[in-house]
$ cat coords-v9.cif   # mmCIF, C-alpha atoms
data_query
#
loop_
_atom_site.label_atom_id
_atom_site.label_comp_id
_atom_site.auth_asym_id
_atom_site.auth_seq_id
_atom_site.Cartn_x
_atom_site.Cartn_y
_atom_site.Cartn_z
CA MET A 15 -19.38 -1.02 14.60
CA PRO A 16 -21.06 -1.88 11.27
CA GLN A 17 -19.48 -3.74 8.38
CA THR A 18 -18.60 -1.66 5.32
CA THR A 19 -18.50 -2.07 1.56
CA LEU A 20 -18.02 0.30 -1.38
CA GLY A 21 -20.57 2.82 -2.54
CA GLU A 22 -19.88 1.92 -6.18
CA SER A 23 -17.46 -0.02 -8.37
CA VAL A 24 -14.04 1.37 -9.24
CA VAL A 25 -11.16 0.19 -11.46
CA CYS A 26 -7.38 0.58 -11.19
CA ARG A 27 -5.29 -0.11 -14.32
CA GLY A 28 -1.55 -0.24 -14.78
CA ILE A 29 1.58 -2.28 -15.41
CA SER A 30 2.17 -5.56 -13.57
CA LEU A 31 5.41 -5.89 -11.62
CA HIS A 32 6.32 -9.38 -12.83
CA SER A 33 5.29 -9.54 -16.50
CA GLY A 34 5.30 -5.85 -17.34
CA HIS A 35 1.92 -6.28 -19.06
CA GLU A 36 -1.12 -4.04 -18.74
CA VAL A 37 -3.44 -5.46 -16.05
CA SER A 38 -6.36 -4.22 -14.02
CA VAL A 39 -8.24 -4.77 -10.79
CA GLU A 40 -11.87 -3.83 -10.26
CA PHE A 41 -13.43 -3.39 -6.83
CA ARG A 42 -17.18 -4.03 -6.59
CA PRO A 43 -19.57 -3.69 -3.63
CA ALA A 44 -20.47 -6.95 -1.85
CA SER A 45 -23.15 -8.08 0.59
CA GLU A 46 -22.81 -8.36 4.37
CA ASN A 47 -20.69 -11.20 5.74
CA SER A 48 -19.24 -12.06 2.31
CA GLY A 49 -15.75 -10.78 3.11
CA ILE A 50 -13.01 -9.90 0.64
CA VAL A 51 -13.22 -12.33 -2.27
CA PHE A 52 -10.88 -12.39 -5.27
CA HIS A 53 -12.50 -13.08 -8.63
CA ILE A 54 -9.65 -14.25 -10.82
CA HIS A 55 -10.56 -13.94 -14.50
CA SER A 56 -8.77 -16.55 -16.61
CA GLU A 57 -9.18 -18.32 -19.95
CA ASP A 58 -11.32 -21.07 -18.40
CA GLY A 59 -13.63 -18.74 -16.51
CA VAL A 60 -13.72 -16.92 -13.19
CA HIS A 61 -12.19 -18.51 -10.08
CA LEU A 62 -13.31 -17.30 -6.65
CA LEU A 63 -10.80 -17.22 -3.82
CA SER A 64 -11.57 -16.15 -0.27
CA LEU A 65 -8.87 -14.95 2.10
CA ARG A 66 -7.18 -17.50 4.34
CA PRO A 67 -3.49 -17.91 5.26
CA GLU A 68 -3.21 -21.28 3.48
CA ALA A 69 -4.23 -19.67 0.16
CA VAL A 70 -0.81 -17.98 -0.06
CA SER A 71 1.17 -20.09 -2.52
CA THR A 72 4.41 -18.12 -2.74
CA THR A 73 5.98 -15.03 -1.21
CA GLU A 74 8.92 -14.54 -3.58
CA LEU A 75 9.13 -10.83 -4.48
CA ALA A 76 5.42 -10.40 -3.59
CA THR A 77 2.45 -12.22 -2.10
CA THR A 78 0.71 -14.67 -4.45
CA VAL A 79 -2.52 -16.54 -3.72
CA SER A 80 -3.83 -19.58 -5.58
CA ASP A 81 -6.74 -22.03 -5.64
CA GLY A 82 -4.51 -24.74 -7.12
CA LYS A 83 -5.57 -23.94 -10.67
CA VAL A 84 -5.00 -20.22 -11.12
CA SER A 85 -3.12 -17.64 -9.11
CA VAL A 86 -2.93 -13.90 -8.65
CA SER A 87 0.19 -12.11 -7.46
CA THR A 88 1.29 -8.76 -6.03
CA ILE A 89 -1.88 -8.45 -3.98
CA GLU A 90 -0.37 -7.11 -0.75
CA HIS A 91 -0.82 -3.42 -1.63
CA VAL A 92 -4.45 -4.01 -2.61
CA LEU A 93 -5.08 -5.90 0.64
CA ALA A 94 -3.26 -3.22 2.64
CA ALA A 95 -5.57 -0.56 1.21
CA LEU A 96 -8.70 -2.59 1.99
CA ASN A 97 -7.50 -3.59 5.46
CA GLY A 98 -6.16 -0.14 6.29
CA LEU A 99 -9.41 1.58 5.30
CA GLY A 100 -11.55 -1.01 7.08
CA VAL A 101 -13.42 -2.37 4.04
CA ASP A 102 -15.09 -5.63 5.12
CA ASN A 103 -16.95 -6.81 2.04
CA VAL A 104 -15.78 -6.39 -1.54
CA GLU A 105 -15.36 -8.32 -4.76
CA VAL A 106 -11.83 -7.90 -6.13
CA HIS A 107 -11.87 -8.75 -9.85
CA VAL A 108 -8.38 -9.33 -11.25
CA PHE A 109 -7.72 -9.27 -15.00
CA GLY A 110 -4.25 -10.38 -16.12
CA GLY A 111 -3.19 -12.63 -13.26
CA GLU A 112 -1.66 -9.84 -11.21
CA ALA A 113 -2.65 -6.62 -9.51
CA PRO A 114 -1.04 -3.54 -11.07
CA ILE A 115 1.98 -2.19 -9.22
CA LEU A 116 0.82 1.43 -9.91
CA ASP A 117 3.26 3.81 -8.13
CA GLY A 118 4.60 1.08 -5.83
CA SER A 119 2.48 2.16 -2.87
CA ALA A 120 -1.17 1.79 -1.86
CA LYS A 121 -2.01 5.46 -2.39
CA ILE A 122 -3.66 5.16 -5.81
CA VAL A 123 -5.84 2.27 -4.63
CA VAL A 124 -6.76 4.16 -1.45
CA ASP A 125 -7.70 7.25 -3.46
CA ALA A 126 -9.83 5.12 -5.80
CA LEU A 127 -11.63 3.37 -2.93
CA LEU A 128 -12.32 6.64 -1.13
CA GLY A 129 -13.54 8.11 -4.40
CA ALA A 130 -16.02 5.24 -4.71
CA GLY A 131 -17.10 5.91 -1.13
CA LEU A 132 -17.45 3.55 1.82
CA ARG A 133 -20.96 2.47 2.78
CA ALA A 134 -22.02 1.16 6.20
CA GLN A 135 -24.01 -2.08 6.19
CA ASN A 136 -26.62 -3.65 8.47
CA ALA A 137 -24.40 -6.19 10.23
CA PRO A 138 -21.84 -5.89 13.04
CA ARG A 139 -18.18 -6.08 12.15
CA ARG A 140 -16.56 -9.49 12.61
CA VAL A 141 -13.08 -9.33 14.15
CA ALA A 142 -10.37 -11.63 15.47
CA ARG A 143 -8.86 -10.57 18.81
CA VAL A 144 -5.43 -11.62 19.99
CA VAL A 145 -6.19 -12.97 23.48
CA ARG A 146 -2.71 -13.97 24.65
CA GLU A 147 0.87 -13.25 23.66
CA CYS A 148 2.20 -15.14 20.66
CA SER A 149 5.52 -14.87 18.86
CA LEU A 150 7.45 -16.31 15.93
CA GLU A 151 11.18 -15.81 15.49
CA LYS A 152 13.40 -17.26 12.79
CA ASP A 153 16.55 -16.24 10.91
CA GLY A 154 16.67 -12.78 12.47
CA LYS A 155 13.00 -12.07 11.79
CA SER A 156 10.46 -11.80 14.59
CA ILE A 157 6.82 -10.94 15.24
CA VAL A 158 5.23 -10.68 18.68
CA ALA A 159 1.47 -10.20 19.08
CA ARG A 160 -0.24 -9.08 22.29
CA PRO A 161 -3.84 -8.26 23.24
CA PHE A 162 -4.86 -4.69 22.36
CA ASP A 163 -8.20 -3.06 21.58
CA GLY A 164 -7.12 -1.75 18.20
CA PHE A 165 -4.51 -2.50 15.54
CA LEU A 166 -1.12 -1.23 16.72
CA VAL A 167 2.07 -1.97 14.77
CA ASP A 168 5.61 -1.31 16.04
CA TYR A 169 7.92 -2.09 13.11
CA THR A 170 11.74 -2.06 12.96
CA ILE A 171 13.98 -2.72 9.94
CA ARG A 172 17.75 -2.97 9.67
CA PHE A 173 19.69 -2.77 6.41
CA PRO A 174 23.50 -2.43 6.15
CA HIS A 175 23.23 0.59 3.86
CA PRO A 176 23.74 4.20 4.98
CA ALA A 177 20.60 5.32 3.12
CA ILE A 178 18.47 3.02 5.30
CA GLY A 179 20.24 1.64 8.38
CA GLU A 180 17.88 1.00 11.30
CA GLN A 181 14.42 2.56 11.14
CA ARG A 182 11.48 2.19 13.51
CA PHE A 183 7.90 3.31 13.03
CA VAL A 184 5.00 2.88 15.47
CA LEU A 185 1.40 3.48 14.48
CA ASN A 186 -2.09 2.81 15.81
CA VAL A 187 -3.58 1.90 12.44
CA THR A 188 -6.94 3.52 11.67
CA PRO A 189 -8.38 4.49 8.27
CA GLU A 190 -7.19 8.05 8.87
CA THR A 191 -3.65 7.22 9.98
CA PHE A 192 -3.24 4.56 7.29
CA GLU A 193 -4.25 6.94 4.50
CA LYS A 194 -1.89 9.68 5.69
CA GLU A 195 1.09 7.86 7.21
CA VAL A 196 1.41 4.50 5.43
CA ALA A 197 -0.46 4.32 2.11
CA PRO A 198 1.94 6.65 0.18
CA ALA A 199 5.08 4.66 1.14
CA ARG A 200 6.53 2.92 -1.93
CA THR A 201 8.22 -0.43 -2.33
CA PHE A 202 12.00 -0.32 -2.57
CA GLY A 203 14.92 -2.32 -3.85
CA PHE A 204 18.65 -2.14 -4.33
CA LEU A 205 20.05 -1.28 -7.76
CA LYS A 206 22.15 -4.45 -7.99
CA GLU A 207 19.12 -6.60 -7.13
CA VAL A 208 16.92 -4.81 -9.68
CA GLU A 209 19.55 -5.25 -12.39
CA TYR A 210 19.90 -8.94 -11.52
CA LEU A 211 16.14 -9.53 -11.64
CA HIS A 212 15.86 -7.78 -15.00
CA SER A 213 18.74 -9.90 -16.37
CA ARG A 214 16.73 -13.02 -15.47
CA GLY A 215 13.56 -11.69 -17.06
CA LEU A 216 11.96 -11.04 -13.67
CA ALA A 217 10.26 -7.91 -12.33
CA ARG A 218 9.89 -6.66 -15.90
CA GLY A 219 7.46 -3.98 -14.83
CA GLY A 220 9.73 -2.59 -12.13
CA SER A 221 11.06 0.92 -12.80
CA LEU A 222 11.80 4.21 -11.10
CA ASP A 223 8.11 5.01 -11.59
CA ASN A 224 7.08 2.34 -9.08
CA VAL A 225 10.14 1.37 -7.03
CA VAL A 226 12.43 3.40 -4.78
CA VAL A 227 15.84 2.24 -6.01
CA VAL A 228 18.84 2.47 -3.70
CA GLY A 229 22.28 2.61 -5.31
CA ASP A 230 25.73 2.77 -3.73
CA GLU A 231 25.37 6.52 -3.17
CA GLY A 232 21.78 6.44 -1.96
CA VAL A 233 18.32 6.83 -3.49
CA ILE A 234 18.56 7.37 -7.25
CA ASN A 235 14.93 8.42 -7.86
CA LYS A 236 15.01 12.10 -8.84
CA GLU A 237 12.05 13.02 -6.62
CA GLY A 238 13.68 11.46 -3.56
CA LEU A 239 11.68 10.00 -0.68
CA ARG A 240 8.10 10.76 0.37
CA PHE A 241 9.05 10.29 4.04
CA PRO A 242 12.52 10.27 5.63
CA ASP A 243 11.65 6.77 6.88
CA GLU A 244 9.70 5.63 3.82
CA PHE A 245 11.44 2.23 3.87
CA VAL A 246 10.05 1.10 7.23
CA ARG A 247 6.65 2.60 6.45
CA HIS A 248 6.42 0.47 3.32
CA LYS A 249 7.33 -2.64 5.30
CA MET A 250 4.47 -1.77 7.64
CA LEU A 251 2.21 -1.40 4.59
CA ASP A 252 3.19 -4.91 3.46
CA PHE A 253 2.53 -6.27 6.95
CA ILE A 254 -0.96 -4.73 7.05
CA GLY A 255 -1.70 -6.31 3.68
CA ASP A 256 -0.33 -9.71 4.66
CA MET A 257 -2.37 -9.74 7.90
CA ALA A 258 -5.52 -9.23 5.83
CA MET A 259 -5.11 -12.83 4.62
CA LEU A 260 -6.73 -13.89 7.91
CA GLY A 261 -10.04 -13.00 6.27
CA ARG A 262 -11.25 -10.59 8.96
CA PRO A 263 -9.81 -7.57 10.82
CA MET A 264 -7.46 -8.30 13.72
CA LEU A 265 -7.30 -6.53 17.06
CA GLY A 266 -3.89 -6.68 18.69
CA ALA A 267 -0.51 -5.00 19.17
CA PHE A 268 2.24 -6.32 16.88
CA THR A 269 5.96 -5.80 17.43
CA VAL A 270 7.71 -6.67 14.17
CA SER A 271 11.43 -6.84 13.41
CA CYS A 272 12.95 -7.37 9.96
CA SER A 273 10.02 -9.47 8.73
CA GLY A 274 8.89 -10.10 5.16
CA HIS A 275 6.03 -11.70 3.28
CA GLY A 276 7.12 -15.27 4.05
CA HIS A 277 7.57 -14.71 7.77
CA ASN A 278 4.34 -12.71 7.95
CA ASN A 279 2.40 -15.59 6.45
CA ALA A 280 4.10 -18.18 8.67
CA PHE A 281 3.10 -16.11 11.71
CA LEU A 282 -0.48 -15.81 10.51
CA ARG A 283 -0.70 -19.58 10.03
CA LYS A 284 0.58 -20.06 13.57
CA LEU A 285 -2.08 -17.72 14.93
CA VAL A 286 -4.79 -19.75 13.22
CA ARG A 287 -3.31 -23.19 13.92
CA GLU A 288 -2.63 -22.89 17.65
CA GLU A 289 -5.72 -23.00 19.82
CA GLY A 290 -6.44 -20.16 22.19
CA LEU A 291 -4.51 -17.37 20.44
CA LEU A 292 -7.44 -15.72 18.66
CA GLU A 293 -11.00 -15.02 19.72
CA TYR A 294 -13.58 -14.44 17.00
CA ALA A 295 -16.33 -12.01 17.86
CA ASP A 296 -18.56 -9.18 16.62
CA ARG A 297 -17.52 -5.64 17.38
#
$ encode --input "coords-v9.cif" --output "structure tokens"
Amino acid sequence: MPQTTLGESVVCRGISLHSGHEVSVEFRPASENSGIVFHIHSEDGVHLLSLRPEAVSTTELATTVSDGKVSVSTIEHVLAALNGLGVDNVEVHVFGGEAPILDGSAKIVVDALLGAGLRAQNAPRRVARVVRECSLEKDGKSIVARPFDGFLVDYTIRFPHPAIGEQRFVLNVTPETFEKEVAPARTFGFLKEVEYLHSRGLARGGSLDNVVVVGDEGVINKEGLRFPDEFVRHKMLDFIGDMAMLGRPMLGAFTVSCSGHGHNNAFLRKLVREEGLLEYADR
């Protein structure tokens, strides 16, 4: 299977979740074996940051990566789109310190990437295979990985709210299934939490245009949900994005329960740290 990059450059512009400012992200084609590299444009120049689990500096509200000097946040939807579509090599240029939240899902990014076109390259795809079972469980969150010739995710969430409750979604993730079944699922939050964040000057860009908001009586967005189980599908989207921080596609079956960005990253660090869990190979 060959590596892929984009056929041409493409830009996504919009409001940032944290600051509420106008920001943009530009995706540019990249050469074989270069991987996904963030180009963070700041006042003192452009900082390059390659994907690795240790580059994640914080997971509060969203995933943020840093090189110790500059950082870029809310990247999980961008990474989910790239990982879900199987893009191996791309330059991700970020202007404004944050990726735009767009509609709260990965759909707009996916549409932009597919519009730019995916181009096969002259090098075999580099993957990381899960070769033996590995798990991480803490504070009611758990992830179990097992060998599998593909990328299978079995995700369960539980929220004590009648609009959500317990939801489970299982998917063999391919570019086709990701685009149709996962990419449109939007991020969500509870009305009381959103109001609290706004009162502290946080999540200034969050609105009903980019967040599914759940009040006491249920979803308050006028258009309702895109899927009956949109909540668990979005959690799967986040997981796919967080797993991209490994720096290459993973092959394995993942059973996930009530996880979040922090637990996802802790699990990824365990996979890398403990010898004999992953096998790196061409595919």
$ atom_distance --input "coords-v9.cif" --atom1 "CA of Glu151 (chain A)" --atom2 "CA of Leu166 (chain A)"
19.1 Å
$ resolve_selection --input "coords-v9.cif" --expression "the PyMOL selection byres ((chain A and resi 174-182) around 10)" --output "number ranges by chain"
A: 168-173, 183-184, 204, 228-233, 242-247, 250, 270-272
$ atom_distance --input "coords-v9.cif" --atom1 "CA of Val60 (chain A)" --atom2 "CA of Phe109 (chain A)"
9.9 Å
$ resolve_selection --input "coords-v9.cif" --expression "the PyMOL selection byres ((chain A and resi 42) around 9)" --output "JSON list (two decimals) with C-alpha atoms, in the frame of the given file"
[["chain", "number", "residue", "atom", "x", "y", "z"],
["A", 19, "THR", "CA", -18.50, -2.07, 1.56],
["A", 20, "LEU", "CA", -18.02, 0.30, -1.38],
["A", 21, "GLY", "CA", -20.57, 2.82, -2.54],
["A", 22, "GLU", "CA", -19.88, 1.92, -6.18],
["A", 23, "SER", "CA", -17.46, -0.02, -8.37],
["A", 24, "VAL", "CA", -14.04, 1.37, -9.24],
["A", 25, "VAL", "CA", -11.16, 0.19, -11.46],
["A", 40, "GLU", "CA", -11.87, -3.83, -10.26],
["A", 41, "PHE", "CA", -13.43, -3.39, -6.83],
["A", 43, "PRO", "CA", -19.57, -3.69, -3.63],
["A", 44, "ALA", "CA", -20.47, -6.95, -1.85],
["A", 104, "VAL", "CA", -15.78, -6.39, -1.54],
["A", 105, "GLU", "CA", -15.36, -8.32, -4.76],
["A", 106, "VAL", "CA", -11.83, -7.90, -6.13],
["A", 107, "HIS", "CA", -11.87, -8.75, -9.85]]
$ residues_around --input "coords-v9.cif" --residues "Ile29 (chain A)" --least-positions-apart "4" --cutoff "8 Å" --atoms "only C-alpha atoms" --output "list in words"
Gly34, His35, Glu36, Val37, Pro114, Ile115, Leu116 and Gly219 of chain A
$ decode --input "coords-v9.cif" --residues "region 101-113 of chain A" --atoms "N, CA, C and O atoms" --output "PDB file, in the first residue's frame"
ATOM      1  N   VAL A 101      -4.081   9.962   5.187  1.00  0.00           N
ATOM      2  CA  VAL A 101      -3.076  10.862   4.620  1.00  0.00           C
ATOM      3  C   VAL A 101      -1.782  10.685   5.411  1.00  0.00           C
ATOM      4  O   VAL A 101      -1.745  10.935   6.615  1.00  0.00           O
ATOM      5  N   ASP A 102      -0.717  10.283   4.748  1.00  0.00           N
ATOM      6  CA  ASP A 102       0.540   9.990   5.430  1.00  0.00           C
ATOM      7  C   ASP A 102       1.452  11.197   5.566  1.00  0.00           C
ATOM      8  O   ASP A 102       2.091  11.386   6.598  1.00  0.00           O
ATOM      9  N   ASN A 103       1.538  11.995   4.505  1.00  0.00           N
ATOM     10  CA  ASN A 103       2.514  13.079   4.459  1.00  0.00           C
ATOM     11  C   ASN A 103       1.826  14.396   4.130  1.00  0.00           C
ATOM     12  O   ASN A 103       1.198  14.530   3.070  1.00  0.00           O
ATOM     13  N   VAL A 104       1.945  15.367   5.028  1.00  0.00           N
ATOM     14  CA  VAL A 104       1.310  16.661   4.817  1.00  0.00           C
ATOM     15  C   VAL A 104       1.929  17.697   5.737  1.00  0.00           C
ATOM     16  O   VAL A 104       2.339  17.391   6.857  1.00  0.00           O
ATOM     17  N   GLU A 105       2.048  18.905   5.243  1.00  0.00           N
ATOM     18  CA  GLU A 105       2.428  20.041   6.074  1.00  0.00           C
ATOM     19  C   GLU A 105       1.144  20.707   6.554  1.00  0.00           C
ATOM     20  O   GLU A 105       0.286  21.064   5.740  1.00  0.00           O
ATOM     21  N   VAL A 106       1.018  20.870   7.872  1.00  0.00           N
ATOM     22  CA  VAL A 106      -0.158  21.505   8.454  1.00  0.00           C
ATOM     23  C   VAL A 106       0.276  22.867   8.995  1.00  0.00           C
ATOM     24  O   VAL A 106       0.899  22.956  10.053  1.00  0.00           O
ATOM     25  N   HIS A 107      -0.017  23.926   8.262  1.00  0.00           N
ATOM     26  CA  HIS A 107       0.386  25.276   8.650  1.00  0.00           C
ATOM     27  C   HIS A 107      -0.731  25.917   9.467  1.00  0.00           C
ATOM     28  O   HIS A 107      -1.867  26.038   8.987  1.00  0.00           O
ATOM     29  N   VAL A 108      -0.399  26.299  10.694  1.00  0.00           N
ATOM     30  CA  VAL A 108      -1.399  26.858  11.614  1.00  0.00           C
ATOM     31  C   VAL A 108      -1.105  28.336  11.842  1.00  0.00           C
ATOM     32  O   VAL A 108      -0.001  28.713  12.232  1.00  0.00           O
ATOM     33  N   PHE A 109      -2.112  29.169  11.601  1.00  0.00           N
ATOM     34  CA  PHE A 109      -2.004  30.613  11.790  1.00  0.00           C
ATOM     35  C   PHE A 109      -2.999  31.036  12.877  1.00  0.00           C
ATOM     36  O   PHE A 109      -4.208  30.881  12.711  1.00  0.00           O
ATOM     37  N   GLY A 110      -2.477  31.517  14.014  1.00  0.00           N
ATOM     38  CA  GLY A 110      -3.350  31.966  15.094  1.00  0.00           C
ATOM     39  C   GLY A 110      -3.275  31.114  16.345  1.00  0.00           C
ATOM     40  O   GLY A 110      -4.024  31.330  17.286  1.00  0.00           O
ATOM     41  N   GLY A 111      -2.378  30.139  16.356  1.00  0.00           N
ATOM     42  CA  GLY A 111      -2.145  29.340  17.552  1.00  0.00           C
ATOM     43  C   GLY A 111      -3.174  28.271  17.838  1.00  0.00           C
ATOM     44  O   GLY A 111      -3.093  27.579  18.852  1.00  0.00           O
ATOM     45  N   GLU A 112      -4.137  28.110  16.940  1.00  0.00           N
ATOM     46  CA  GLU A 112      -5.200  27.133  17.182  1.00  0.00           C
ATOM     47  C   GLU A 112      -5.847  26.773  15.861  1.00  0.00           C
ATOM     48  O   GLU A 112      -5.968  27.616  14.967  1.00  0.00           O
ATOM     49  N   ALA A 113      -6.255  25.528  15.723  1.00  0.00           N
ATOM     50  CA  ALA A 113      -7.025  25.130  14.549  1.00  0.00           C
ATOM     51  C   ALA A 113      -8.458  25.624  14.714  1.00  0.00           C
ATOM     52  O   ALA A 113      -8.991  25.648  15.824  1.00  0.00           O
TER      53      ALA A 113
END
